[in-house]
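Participant: Below you'll find work.txt; it's compact mmCIF, C-alpha atoms.
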```txt
# COMPACT_ATOMS: atom_id res chain seq x y z
CA MET A 491 50.20 182.33 136.03
CA PRO A 492 52.65 179.47 136.55
CA ILE A 493 50.09 177.12 135.06
CA LYS A 494 50.02 179.09 131.82
CA PHE A 495 53.81 179.09 131.75
CA LYS A 496 53.87 175.35 132.33
CA CYS A 497 51.33 174.80 129.54
CA TYR A 498 53.38 176.97 127.25
CA ILE A 499 56.42 174.82 127.92
CA CYS A 500 54.40 171.64 127.34
CA ASN A 501 53.05 173.05 124.09
CA SER A 502 56.50 174.12 123.07
CA LEU A 503 57.92 170.65 123.78
CA PHE A 504 54.99 169.04 121.97
CA ASN A 505 55.55 171.30 118.95
CA LYS A 506 59.26 170.44 118.88
CA LYS A 507 58.46 166.72 119.01
CA LEU A 508 55.86 167.20 116.29
CA GLN A 509 58.32 169.14 114.13
CA LYS A 510 60.97 166.45 114.62
CA SER A 511 58.46 163.72 113.78
CA PHE A 512 57.34 165.65 110.73
CA LYS A 513 60.94 165.93 109.52
CA TYR A 514 61.37 162.17 109.91
CA LEU A 515 58.14 161.54 108.02
CA VAL A 516 59.26 163.80 105.16
CA VAL A 517 62.64 162.01 104.96
CA LEU A 518 60.92 158.61 105.11
CA PHE A 519 58.47 159.61 102.38
CA CYS A 520 61.34 160.80 100.15
CA LEU A 521 63.24 157.54 100.63
CA ILE A 522 60.16 155.48 99.82
CA SER A 523 59.37 157.54 96.72
CA PHE A 524 62.94 157.16 95.42
CA ARG A 525 62.67 153.41 95.87
CA PHE A 526 59.58 153.19 93.66
CA GLN A 527 60.78 155.48 90.89
CA GLN A 528 61.33 153.88 87.50
CA PRO A 529 64.93 153.02 86.66
CA SER A 530 66.76 155.59 84.58
CA ASN A 531 66.80 153.26 81.58
CA PHE A 532 63.00 152.73 81.65
CA ASP A 533 61.60 153.17 78.14
CA THR A 534 57.87 153.85 77.98
CA ASN A 535 57.72 153.39 74.19
CA SER A 536 59.26 149.92 74.46
CA LYS A 537 56.69 148.90 77.04
CA ILE A 538 53.83 150.23 74.91
CA LYS A 539 55.16 148.54 71.75
CA ALA A 540 55.53 145.22 73.58
CA VAL A 541 51.91 145.41 74.71
CA PHE A 542 50.80 146.37 71.19
CA LEU A 543 52.68 143.39 69.71
CA TYR A 544 51.03 141.03 72.16
CA ASN A 545 47.58 142.51 71.48
CA PHE A 546 48.07 142.14 67.71
CA THR A 547 47.97 138.36 68.27
CA ARG A 548 44.28 138.63 69.14
CA TYR A 549 43.25 140.09 65.79
CA PHE A 550 44.96 137.74 63.36
CA GLU A 551 44.53 134.08 62.57
CA TRP A 552 47.69 132.24 61.69
CA PRO A 553 47.79 129.17 59.44
CA ASP A 554 47.50 125.82 61.22
CA LYS A 555 51.22 125.05 60.85
CA LYS A 556 51.99 128.27 62.81
CA LYS A 557 49.76 127.15 65.70
CA GLU A 558 52.22 124.42 66.73
CA GLY A 559 55.20 124.87 69.00
CA ASN A 560 56.06 128.25 70.47
CA PHE A 561 54.64 131.52 69.21
CA ILE A 562 57.77 133.33 68.04
CA ILE A 563 58.20 137.10 67.92
CA TYR A 564 61.34 137.86 65.95
CA VAL A 565 62.85 141.33 66.40
CA ILE A 566 65.32 142.56 63.78
CA GLY A 567 67.57 145.38 65.00
CA LYS A 568 68.86 146.58 68.34
CA ASN A 569 66.61 147.74 71.17
CA ASP A 570 67.55 146.13 74.48
CA ASN A 571 64.65 147.76 76.34
CA LEU A 572 62.10 146.33 73.91
CA ILE A 573 63.64 142.85 74.13
CA THR A 574 63.53 143.05 77.94
CA GLU A 575 59.86 144.12 77.87
CA LEU A 576 58.93 141.36 75.41
CA LYS A 577 60.75 138.71 77.45
CA GLY A 578 58.98 139.91 80.59
CA LEU A 579 55.65 139.71 78.79
CA SER A 580 56.44 136.28 77.37
CA GLY A 581 56.94 134.91 80.87
CA LYS A 582 53.40 135.94 81.86
CA LYS A 583 51.31 135.53 78.70
CA LYS A 584 50.51 132.96 76.03
CA VAL A 585 48.98 133.11 72.58
CA GLY A 586 46.18 130.59 72.83
CA THR A 587 48.01 127.54 74.20
CA GLN A 588 51.39 128.54 72.75
CA ASP A 589 54.24 129.85 74.87
CA ILE A 590 55.76 133.07 73.54
CA GLU A 591 59.42 132.98 72.53
CA ILE A 592 61.45 136.09 71.67
CA LYS A 593 64.24 135.94 69.09
CA ASN A 594 66.48 138.84 68.15
CA SER A 595 69.21 139.54 65.62
CA ILE A 596 70.88 142.69 64.35
CA ALA A 597 70.38 141.71 60.69
CA PHE A 598 67.59 139.75 59.02
CA ASP A 599 68.02 135.97 59.24
CA ALA A 600 65.66 134.24 56.78
CA SER A 601 66.11 130.87 58.52
CA ILE A 602 64.17 132.06 61.61
CA SER A 603 60.55 131.03 61.34
CA SER A 604 58.16 133.21 63.33
CA GLN A 605 54.60 134.46 63.58
CA ILE A 606 55.51 138.13 64.11
CA ILE A 607 58.56 139.82 62.60
CA TYR A 608 59.27 143.26 63.99
CA VAL A 609 61.74 145.34 61.95
CA LEU A 610 63.19 148.18 64.02
CA ASN A 611 63.97 151.56 62.50
CA ASP A 612 67.73 150.98 62.61
CA VAL A 613 67.36 148.44 59.75
CA PRO A 614 64.67 150.06 57.53
CA LYS A 615 65.93 148.45 54.30
CA ALA A 616 65.09 145.03 55.76
CA VAL A 617 61.32 145.67 55.55
CA SER A 618 61.00 144.94 51.80
CA GLU A 619 63.31 141.90 52.04
CA VAL A 620 61.39 140.49 55.01
CA ALA A 621 58.02 141.10 53.34
CA SER A 622 59.07 139.47 50.06
CA LYS A 623 60.54 136.39 51.75
CA HIS A 624 57.48 135.86 53.95
CA LYS A 625 54.69 136.03 51.39
CA ASN A 626 52.16 133.28 52.12
CA LYS A 627 54.22 132.04 55.08
CA GLY A 628 51.89 133.27 57.82
CA ALA A 629 54.11 135.95 59.35
CA LEU A 630 52.90 139.38 60.41
CA VAL A 631 55.49 142.01 59.43
CA VAL A 632 55.56 144.97 61.81
CA SER A 633 57.84 147.99 61.41
CA GLU A 634 58.48 151.52 62.66
CA THR A 635 59.77 153.33 59.59
CA ALA A 636 57.97 156.00 57.55
CA GLY A 637 56.48 154.49 54.39
CA ALA A 638 57.11 150.90 55.49
CA CYS A 639 53.59 149.75 54.55
CA LYS A 640 54.44 150.66 50.93
CA GLN A 641 57.47 148.36 51.25
CA GLY A 642 55.36 145.40 52.41
CA SER A 643 54.87 145.84 56.15
CA SER A 644 51.38 144.96 57.42
CA ILE A 645 51.62 147.18 60.51
CA ASN A 646 53.80 150.25 60.98
CA PHE A 647 54.18 152.20 64.23
CA VAL A 648 53.91 155.98 63.88
CA VAL A 649 53.90 158.87 66.34
CA ILE A 650 51.10 161.39 65.81
CA GLU A 651 50.69 164.33 68.20
CA ASN A 652 53.10 162.65 70.64
CA LYS A 653 50.98 159.48 70.72
CA LEU A 654 52.07 156.08 69.49
CA LYS A 655 49.66 154.76 66.86
CA PHE A 656 49.91 152.28 64.04
CA GLU A 657 49.16 152.10 60.34
CA TYR A 658 47.57 148.96 58.94
CA HIS A 659 47.79 147.63 55.40
CA LYS A 660 45.28 144.77 55.17
CA ASN A 661 46.38 143.66 51.68
CA ASN A 662 49.92 143.09 52.94
CA ALA A 663 48.58 140.95 55.80
CA VAL A 664 46.51 138.89 53.35
CA LYS A 665 49.56 138.47 51.07
CA SER A 666 51.42 137.13 54.08
CA GLY A 667 48.79 134.41 54.47
CA LEU A 668 47.00 135.85 57.48
CA LYS A 669 43.30 136.16 58.13
CA THR A 670 42.36 139.30 59.97
CA ASN A 671 39.49 140.47 62.10
CA ASP A 672 37.61 143.42 60.55
CA ASP A 673 37.42 145.10 63.97
CA PHE A 674 41.18 145.60 63.78
CA LYS A 675 40.83 148.05 60.90
CA ALA A 676 38.88 150.42 63.14
CA LEU A 677 41.78 150.59 65.63
CA ALA A 678 44.38 151.58 63.07
CA ILE A 679 45.26 154.24 60.54
CA ASN A 680 44.39 152.43 57.30
CA VAL A 681 46.85 152.61 54.43
CA ASP A 682 45.17 150.30 51.86
```
Could I get this file's structure written as structure tokens?

Facilitator:
Amino acid sequence: MPIKFKCYICNSLFNKKLQKSFKYLVVLFCLISFRFQQPSNFDTNSKIKAVFLYNFTRYFEWPDKKKEGNFIIYVIGKNDNLITELKGLSGKKKVGTQDIEIKNSIAFDASISSQIIYVLNDVPKAVSEVASKHKNKGALVVSETAGACKQGSSINFVVIENKLKFEYHKNNAVKSGLKTNDDFKALAINVD
């Protein structure tokens, strides 16, 4: 009988040690998971849009004069998360042999020469001005405002069924002086 009692005590001590270890593991797991959570200002849409903008470079051919120097993505409007994502991307990627440079201003500055001009939704009236001033200059105008392709944008981000998609107006891209890959049309919502 004493042997059973002794085993019971051993089992009881073992269970207490196991419970204590389990508690420590749970606390450790929680601390680790908090460390790897995204920061509170993480913006998934900005990350997705930055990747889209980079991928657009694969489907268009810019004029020879736009293939020299840095590849400039010019963002008009205010979105700090998007600028951060684009700058992070620009440090890792290139367009052909060109380094990517990100420029940003709150209002449209016609003196900035770029390959991609992204007009944010906080300056929707800038779309028609940007499109008219960049005809035949080899700049892809991208926007995120309803009806922007009718105002001259070549690509317009839209949300359909909670998914980010984009409209494509090939004639506007051609008017801008860009050659496009026909495969691109299959990826987009066409608005021609």

Participant: Go through A:Ala600, A:Ile538, A:Ile563, A:Val664 and flag the residue nearest A:Val632, using all atoms listed in the file for the distances.

Facilitator: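 Ranked by minimum distance to A:Val632, first place goes to A:Ile563.
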
Participant: Neighbours of A:Asp673 within 12 Å (only C-alpha atoms; same-chain residues fewer than 2 positions away dropped), as a PyMOL selection string?

Facilitator: chain A and resi 546+548-550+658+660+670-671+675-678

Participant: Considering only C-alpha atoms, state which residue in the set A:Asn545, A:His624, A:Lys669, A:Glu651 is at the smallest distance from A:Asp599.

Facilitator: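 Counting only C-alpha atoms, the residue closest to A:Asp599 is A:His624.
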
Participant: Would you compute the distance between atom CA of A:Glu634 and atom CA of A:Glu591? Give it in Å to one decimal.

Facilitator: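 Pair atom CA of A:Glu634 / atom CA of A:Glu591 returns 21.0 Å.
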
Participant: One decimal, in Å: what's the spacing between atom CA of A:Ser622 and atom CA of A:Ser644?

Facilitator: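 Atom CA of A:Ser644 lies at a distance of 12.0 Å from atom CA of A:Ser622.
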
Participant: Given the choices A:Lys627, A:Lys568, A:Lys557, A:Lys582, which gets closest to A:Val541 if the distance is worked out from only C-alpha atoms?

Facilitator: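 Smallest separation from A:Val541 among the options: A:Lys582.
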
Participant: Would you mind reading off the distance between atom CA of A:Val585 and atom CA of A:Lys640, one decimal, in Å?

Facilitator: 28.4 Å

Participant: Tell me which of A:Thr534, A:Leu543, A:Gln605, A:Ile592 sits closest to A:Asn571, counting only C-alpha atoms.

Facilitator: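 Comparing A:Thr534, A:Leu543, A:Gln605, A:Ile592 against A:Asn571, the winner is A:Thr534.
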
Participant: Restricting the calculation to only C-alpha atoms, which member of A:Thr547, A:Val565, A:Asn535, A:Lys583 is positioned closest to A:Phe674?

Facilitator: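 Smallest separation from A:Phe674 among the options: A:Thr547.
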
Participant: Leaving out A:Lys556 and any residue of its chain fewer than 6 positions from it, which residues lie within 10 Å of it when counting all atoms listed in the file, given as a PDB file with C-alpha atoms, keeping the file's coordinate frame?

Facilitator:
```pdb
ATOM      1  CA  ILE A 562      57.770 133.330  68.040  1.00  0.00           C
ATOM      2  CA  GLN A 588      51.390 128.540  72.750  1.00  0.00           C
ATOM      3  CA  SER A 603      60.550 131.030  61.340  1.00  0.00           C
ATOM      4  CA  SER A 604      58.160 133.210  63.330  1.00  0.00           C
ATOM      5  CA  GLN A 605      54.600 134.460  63.580  1.00  0.00           C
ATOM      6  CA  LYS A 627      54.220 132.040  55.080  1.00  0.00           C
ATOM      7  CA  GLY A 628      51.890 133.270  57.820  1.00  0.00           C
ATOM      8  CA  ALA A 629      54.110 135.950  59.350  1.00  0.00           C
TER       9      ALA A 629
END
```

Participant: Select, counting all atoms listed in the file, all protein, DNA and RNA residues no farther than 9 Å from (59.9, 136.4, 73.2) in file coordinates, and express the selection as an mmCIF file with C-alpha atoms, in the coordinates of the input.

Facilitator:
```cif
data_model
loop_
_atom_site.group_PDB
_atom_site.id
_atom_site.type_symbol
_atom_site.label_atom_id
_atom_site.label_comp_id
_atom_site.auth_asym_id
_atom_site.auth_seq_id
_atom_site.Cartn_x
_atom_site.Cartn_y
_atom_site.Cartn_z
ATOM 1 C CA PHE A 561 54.640 131.520 69.210
ATOM 2 C CA ILE A 562 57.770 133.330 68.040
ATOM 3 C CA ILE A 563 58.200 137.100 67.920
ATOM 4 C CA TYR A 564 61.340 137.860 65.950
ATOM 5 C CA VAL A 565 62.850 141.330 66.400
ATOM 6 C CA ILE A 573 63.640 142.850 74.130
ATOM 7 C CA THR A 574 63.530 143.050 77.940
ATOM 8 C CA LEU A 576 58.930 141.360 75.410
ATOM 9 C CA LYS A 577 60.750 138.710 77.450
ATOM 10 C CA GLY A 578 58.980 139.910 80.590
ATOM 11 C CA LEU A 579 55.650 139.710 78.790
ATOM 12 C CA SER A 580 56.440 136.280 77.370
ATOM 13 C CA GLY A 581 56.940 134.910 80.870
ATOM 14 C CA ASP A 589 54.240 129.850 74.870
ATOM 15 C CA ILE A 590 55.760 133.070 73.540
ATOM 16 C CA GLU A 591 59.420 132.980 72.530
ATOM 17 C CA ILE A 592 61.450 136.090 71.670
ATOM 18 C CA LYS A 593 64.240 135.940 69.090
ATOM 19 C CA ASN A 594 66.480 138.840 68.150
#
```

Participant: So which residues touch stretch 609-620 of chain A within 8 Å, counting all atoms listed in the file, skipping near sequence neighbours fewer than 6 positions away, as number ranges by chain?

Facilitator: A: 565-569, 597-598, 600, 631-635, 638, 641-643

Participant: Identify which of the residues A:Asn662, A:Pro553, A:Lys584, A:Val681 lies closest to A:Lys625, counting all atoms listed in the file when measuring atom-to-atom distances.

Facilitator: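 Checking each of A:Asn662, A:Pro553, A:Lys584, A:Val681 against A:Lys625, counting all atoms listed in the file, the winner is A:Asn662.
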